[in-house]
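Just below is one structure, and these are the notes that go with it.
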Amino acid sequence: MQWSWTSIGILVSIAGTLSAALLALCGRGLWTHRMVQVVLAMSTATGAVAGVVFLFGNRVPVLFDAVDVLYGLRLVLHPLAAIFFVIVNGIACAAALYAIPYVAAHQRTYHVPMVNSAVAVFVFGMQTVLLASNVIGFMFSWELMSMASFFLVMADRDEASVKAAMLYLVMTHLGAAAILAGFSVLGGGNPLLDFSALATSARSLSSPYILLAFALFFFGFGSKAGLVPLHVWLPEAHPQAPSHVSALMSGVMLKIAVYGFILTAMMLLPGLPPGIGMLVAGVGLVSAVAGSLAAAANRDIKQTLAWSSVENLGLIFCMLGVHMFAASRGMPELAGTAAAAALFHCVVHAIFKSGLFLTAGGIVHAMHTRSLERMGGLAVRMPVLSGAFLVLALGASALPPFGAFFGEWMFLRGLIHAFVGADAGTMAFLLAVFSGFVFASSMAIFAMVKLFAIACVGQPRSAAAAHAQEPPRGLVYPVLLLAVGMIMSGVAAATILRAIGMEYLVRTDRVFAPIVVSGSVLQPAGLAGMVILALVLAFLFRRLWTGDPRERTYPTWDCGQPITAAMEYTATAFSAPIRFFFRPILQNRKIVTTAAVVATNAYVRSHTMTFASRSLWMEYLHLPIARLITWKSTQIRKLQNGTIQFYLILIFLALLVALVIAV
Amino acid sequence: MSSLLITVLQFLLVLGCAPFATGMVRWVKARMQGRAGASPLLPYYTLATLFRKEMVISPVTSWVFRVSPFVVLATALVVSAVLPLLSGGGMFAGNGDDFLFFAGILMLGSVFLVLGGLDPGSAFGGMGASREMTIATLIEPAVMVTLTAFAAASGTGSTSGMLAAGGGYLLAHPALLLSVLAFVFVLLAENARYPVDNPATHLELTMVHEAMVLEYSGPYLAMLEFASSIKLAVFAIFLGNLLVPQTLLPVGGGAESLVVAVLGMAAKLTIMMVLLALLESTIPKMRFYRMQEYSAMAFGIALAGLVLTILPNIV
């Protein structure tokens with residue numbers, strides 16, 4: 001093999017992560033903890049730099065020698081995996097820096113060596129999934145990633161966490177089983193092949209088998225990515241994990257599912273019919289719409305973010321579906337734009353979602369609750385963190401001049417360009433995608449505004465919020481870093497496009513180059529400059545007119561009576577119009593109980609209200625399936641009737657059947 | 001004329017006549033109601049007075065409250081410079097006047113208005129903010145689809161290019177008239193006019209925009225009021241330009257075409273404001289909890305316009 005700086009960097013990052021996992025088990029002290037996080041941060045930073053160097057270099061796949069484990073595993077870094085490799089390492093580095101004060105502050109809640117080791121194994125799993133070039137290596141790393149994150153979800157050993165972790169375990173294993181089955185179908189029953197052999201053997205498959213393999217992959221990677229209806233675990237599991245792990249799970253692990261889907265459905269499987277692209281885009285749209293509505297109505301800071309992940313992954317799969325559709329229909333321009341938008345959104349989503357989860361961690365650290373209803377007024381009390389929060393929330397709303405806007409702009413521009421000259425069926429499909437996409441991304445703005453506004457502005461709604469203070473610097477700096485990344489993802493969108501191999505959408509070689517999609521030009525840095533110039537103008541305008549303004553402080557006006565936080569709008573109240581307009585989807589259970597305060601007077605009563613949202617997917621899909629399985633199992637259990645003769649007959653029958661099959 | 005000069009001129013003209021737009025609607029409405037009405041120039045005095053006044057600021061508020069007026073005004077300034085209002089040949093033509101950017105920057109302004117409304121922590125501000133955010137969210141798809149119809153008809157995403165699909169071209173593409181209608185729906189919702197919001201009320205449960213700016217006073221209030229005037233003027237002139245693009249200043253036009261363009265812009269603004277006042281005098285305000293009907297109607301009309309516009313391409 002050829003040694004290069006890239007390959008050394010990659011090896012150092014993997015080895016460093018693995019050694020961090022082992023080092024974590026060496027001691028319970030905080031000194032060990034800091035060492036582990038420093039090692040992890042350094043190794044992942046090395047990996048991120050190596051990935052960036054690779055992407056801006058000549059992009060020749062980096063091959064390592066085959067090692068004699070896992071049936072001749074050979075690590076390979078190809079350009080697609082390198083994009084995700086940078087995401088994994090970059091975010092993991094920020095999360096490791098964040099973990100130094102975060103885990104130390106929660107050492108009574110978490111078993112520190114176990115959490116640190118599991119995080120390192122989790123990152124190691126995600127790194128090697130991207131580098132694996134055979135089925136066994138891929139599945140092994142995939143399971144490392146899944147199992148480590150399973151333990152991390154229940155790291156606080158809370159009852160709700162254990163429950164969420166179990167749900168996650170079931171879903172992730174159903175998914176993993178489907179992926180393994182998909183590989184077996186592709187390889188003609190041989191699960192030991194490497195990917196190039198798999199691609200060769202896939203070409204000789206008949207189309208029903210290809211569709212079967214696709215269905216299995218879509219189920220497997222879709223359940224990991226949280227696509228509807230397999231998303232039920234995501235809003236339960238992601239918020240329960242420690243915040244830096246939530247950031248890794250939502251920002252990064254979901255992207256590994258996207259990578260797996262691209263690898264299998266687009267690179268291994270030979271040409272799929274256009275209907276498949278429509279299916280993927282449709283499932284993505286349903287996820288995006290369901291996720292954005294649930295995020296808009298949610299009242300828990302981390303759960304809102306988890307639902308927003310369902311939405312964003314839905315958008316990414318919608319873009320991928322349009323790509324597959326356009327590629328199979330011979331529309332190369334749209335296919336290219338949709339693929340570029342999907343990869344771009346993967347990068348941007350990783351930045352803002354991890355940033356937001358880390359912010360949420362800082363807020364929960366100060367508040368000791370995740371409920372938005374207990375927050376408020378944090379912008380006064382933690383100005384730096386809330387400033388970064390605002391930048392990340394605006395970025396997540398896909399507003400200009402932040403990165404996500406340019407991803408969505410590229411996709412919508414591509415769609416609009418493809419409208420003209422399309423046939424009726426294609427046009428109907430593209431229009432449906434356009435409408436659903438626009439709806440979901442508007443609703444996402446509502447969700448993000450609600451999240452920031454209820455947490456940070458207004459009066460504090462609880463004593464904890466009133467006495468909250470800026471979290472320790474160690475918790476704020478990584479968030480600031482990601483907020484700066486969010487701004488850069490906007491102004492330097494062209495550079496990201498070049499990194500993901502979409503140079504043809506960029507006009508010049510400069511860092512702040514304009515983007516060109518189907519003849520339309522946008523200059524991200526120019527637009528950002530225009531907004532800043534307008535802000536300066538607005539400021540000058542005010543100064544010229546008023547000079548130094550006189551100010552007086554007076555309490556918020558409330559018809560002449562003193563105002564309290566109880567009169568303020570809450571998250572529930574803020575999203576009430578959305579819940580009202582989308583009642584069939586956003587159903588909730590409201591129970592009001594009243595009891596007489598004095599037995600002799602029926603009119604003086606105390607009222608208690610509980611308000612909870614209902615998960616229709618759980619009630620109408622998953623629980624009936626669970627009931628069916630339980631019922632069937634009870635039926636089958638009748639076989640176990642305690643009669644030894646009956647068991648002998650069963651064994652004999654089983655033998656007969658086995659013989660019949662074998663012969 | 002150089003494109004930079006055109007843009008600067010347009011920017012100054014739009015800022016200059018924006019308060020007149022608000023005053024004009026109020027004056028015509030007053031006349032319709034049989035009142036003498038205040039002069040259409042009153043908003044200029046109001047703004048000038050507000051800019052000199054002392055500010056009363058709630059102790060509850062944070063930096064968000066102080067940042068919001070600047071961002072809201074800045075988005076209005078961006079929109080007034082970027083859109084093709086005086087001429088289709090400004091410095092942003094085809095490069096930055098993309099309609100998705102227009103929609104996004106308007107949304108940015110709405111978001112900060114909402115944040116500023118929530119910051120003082122009163123129930124009025126909260127109600128206005130929640131409603132404004134809902135309206136903005138629900139109308140956003142209609143904004144996109146409406147302008148997409150023009151983009152598809154003209155083959156470009158830039159708003160200056162879209163004007164090529166307006167005017168006489170509207171007759172060749174009659175379906176675009178549906179899009180124009182949808183644009184009117186959008187205009188009313190985005191600018192907090194009837195039937196979505198009542199711009200004349202203070203402290204009633206019907207209000208949206210006024211509830212959000214309730215805690216603002218002095219220069220900050222002036223900036224927010226000025227921003228909403230600019231937004232209304234920009235929407236009105238843009239709608240006028242979609243219908244009658246002939247008066248726009250052509251690239252390289254001389255002094256006489258400049259006069260035509262300026263007079264044309266003023267005429268469009270005045271006519272649109274009179275029409276708006278007529279509309280506001282004849283229809284009642286809609287209940288807020290029927291907003292989904294309004295936005296669904298806007299979206300449906302916009303979608304019909306889009307489908308019928310691109311249909312000739314496929315049959």
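FYI, nothing fancy with the structure tokens labels: chains A, B, ... in order, residues from 1 per chain, ligands from 1 as they appear.
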List as CSV every residue of chain A that is in contact with chain B, defined as an atom at most 6 Å from one of its atoms (using only C-alpha atoms), together with the nearest atom pair and the distance in Å rounded to one decimal, sorted by chain and then rising number.
```
residue,atom,partner,partner_atom,distance
A:Ala379,CA,B:Ser62,CA,5.9
A:Val380,CA,B:Ser62,CA,4.9
A:Leu399,CA,B:Gly104,CA,5.5
A:Pro400,CA,B:Gly104,CA,5.9
A:Gly421,CA,B:Asn313,CA,5.6
A:Asp423,CA,B:Ile314,CA,5.4
A:Val438,CA,B:Pro141,CA,5.5
A:Phe439,CA,B:Pro141,CA,5.6
A:Ser442,CA,B:Thr137,CA,5.2
A:Met443,CA,B:Thr137,CA,5.9
A:Val457,CA,B:Asp119,CA,4.7
A:Gly458,CA,B:Gly121,CA,4.0
A:Gln459,CA,B:Gly121,CA,5.2
A:Val521,CA,B:Asn95,CA,5.6
A:Leu522,CA,B:Gly96,CA,5.6
A:Ala534,CA,B:Ala74,CA,4.7
A:Leu535,CA,B:Ala74,CA,5.0
A:Ala538,CA,B:Ala74,CA,5.8
A:Thr546,CA,B:Arg52,CA,5.7
A:Arg550,CA,B:Glu54,CA,4.9
A:Glu551,CA,B:Met55,CA,4.7
A:Arg552,CA,B:Val56,CA,4.8
A:Thr553,CA,B:Ile57,CA,5.0
A:Tyr554,CA,B:Ser58,CA,5.1
A:Pro555,CA,B:Ser58,CA,4.8
A:Thr556,CA,B:Ser58,CA,5.1
A:Met567,CA,B:Ala123,CA,5.8
A:Glu568,CA,B:Ala123,CA,4.9
A:Tyr569,CA,B:Gly126,CA,5.1
A:Phe574,CA,B:Ser130,CA,5.0
```
Using only C-alpha atoms, please write the residues we just selected to a file, as a PDB file, in the first residue's frame.
```pdb
ATOM      1  CA  ALA A 379     -31.335  35.082  26.829  1.00  0.00           C
ATOM      2  CA  VAL A 380     -30.835  37.529  29.701  1.00  0.00           C
ATOM      3  CA  LEU A 399     -33.321  30.791   6.507  1.00  0.00           C
ATOM      4  CA  PRO A 400     -30.850  32.837   4.514  1.00  0.00           C
ATOM      5  CA  GLY A 421     -40.791  19.917 -20.448  1.00  0.00           C
ATOM      6  CA  ASP A 423     -44.378  14.566 -18.997  1.00  0.00           C
ATOM      7  CA  VAL A 438     -42.072  23.411   1.052  1.00  0.00           C
ATOM      8  CA  PHE A 439     -44.706  22.616   3.647  1.00  0.00           C
ATOM      9  CA  SER A 442     -42.048  26.002   6.614  1.00  0.00           C
ATOM     10  CA  MET A 443     -43.301  23.987   9.557  1.00  0.00           C
ATOM     11  CA  VAL A 457     -37.078  35.019  25.630  1.00  0.00           C
ATOM     12  CA  GLY A 458     -39.860  36.249  27.875  1.00  0.00           C
ATOM     13  CA  GLN A 459     -40.122  35.908  31.624  1.00  0.00           C
ATOM     14  CA  VAL A 521     -26.975  32.070  -9.654  1.00  0.00           C
ATOM     15  CA  LEU A 522     -26.736  32.796  -5.956  1.00  0.00           C
ATOM     16  CA  ALA A 534     -28.610  46.373   5.554  1.00  0.00           C
ATOM     17  CA  LEU A 535     -28.146  45.910   9.303  1.00  0.00           C
ATOM     18  CA  ALA A 538     -30.567  50.273   9.733  1.00  0.00           C
ATOM     19  CA  THR A 546     -32.173  60.017  17.122  1.00  0.00           C
ATOM     20  CA  ARG A 550     -33.251  58.190  25.930  1.00  0.00           C
ATOM     21  CA  GLU A 551     -34.573  55.149  27.706  1.00  0.00           C
ATOM     22  CA  ARG A 552     -36.756  54.450  30.682  1.00  0.00           C
ATOM     23  CA  THR A 553     -37.398  51.102  32.282  1.00  0.00           C
ATOM     24  CA  TYR A 554     -40.957  50.228  33.093  1.00  0.00           C
ATOM     25  CA  PRO A 555     -42.609  46.834  33.613  1.00  0.00           C
ATOM     26  CA  THR A 556     -44.376  45.155  30.709  1.00  0.00           C
ATOM     27  CA  MET A 567     -49.831  35.040  32.155  1.00  0.00           C
ATOM     28  CA  GLU A 568     -47.203  34.414  29.541  1.00  0.00           C
ATOM     29  CA  TYR A 569     -47.606  32.217  26.500  1.00  0.00           C
ATOM     30  CA  PHE A 574     -47.698  28.936  21.302  1.00  0.00           C
TER      31      PHE A 574
END
```
### Message
Applying 10 Å and only C-alpha atoms, which residues near stretch 41-47 of chain A remain after dropping the ones on its own chain fewer than 5 positions away? List them as a PyMOL selection string.
### Response
chain A and resi 6-20+35-36+52-53+82+85-99+123-124+127
### Message
To test your reading of the structure, identify every residue in stretch 94-204 of chain A that backbone DSSP assigns to helix (DSSP H, G or I), and report it as an MDAnalysis selection string.
### Response
chainID A and resid 94:105 112:131 135:153 159:186 195:203
### Message
Using only C-alpha atoms, can you tell me which of B:Gly253, B:Lys268, B:Val213, B:Leu147 comes closest to B:Gly161?
### Response
B:Leu147
### Query
Which polymer residues have any atom within 7 Å of an atom of B:Ser160, counting only C-alpha atoms, with same-chain residues fewer than 3 positions away left out, as a list in words?
Pro84, Gly88, Ala93, Gly94 and Leu163 of chain B
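We find atom CA of A:Gly314 and atom CA of A:Ala493 to be spaced 21.7 Å apart.
Atom CA of B:Met24 sits 4.7 Å away from atom CA of B:Pro40.
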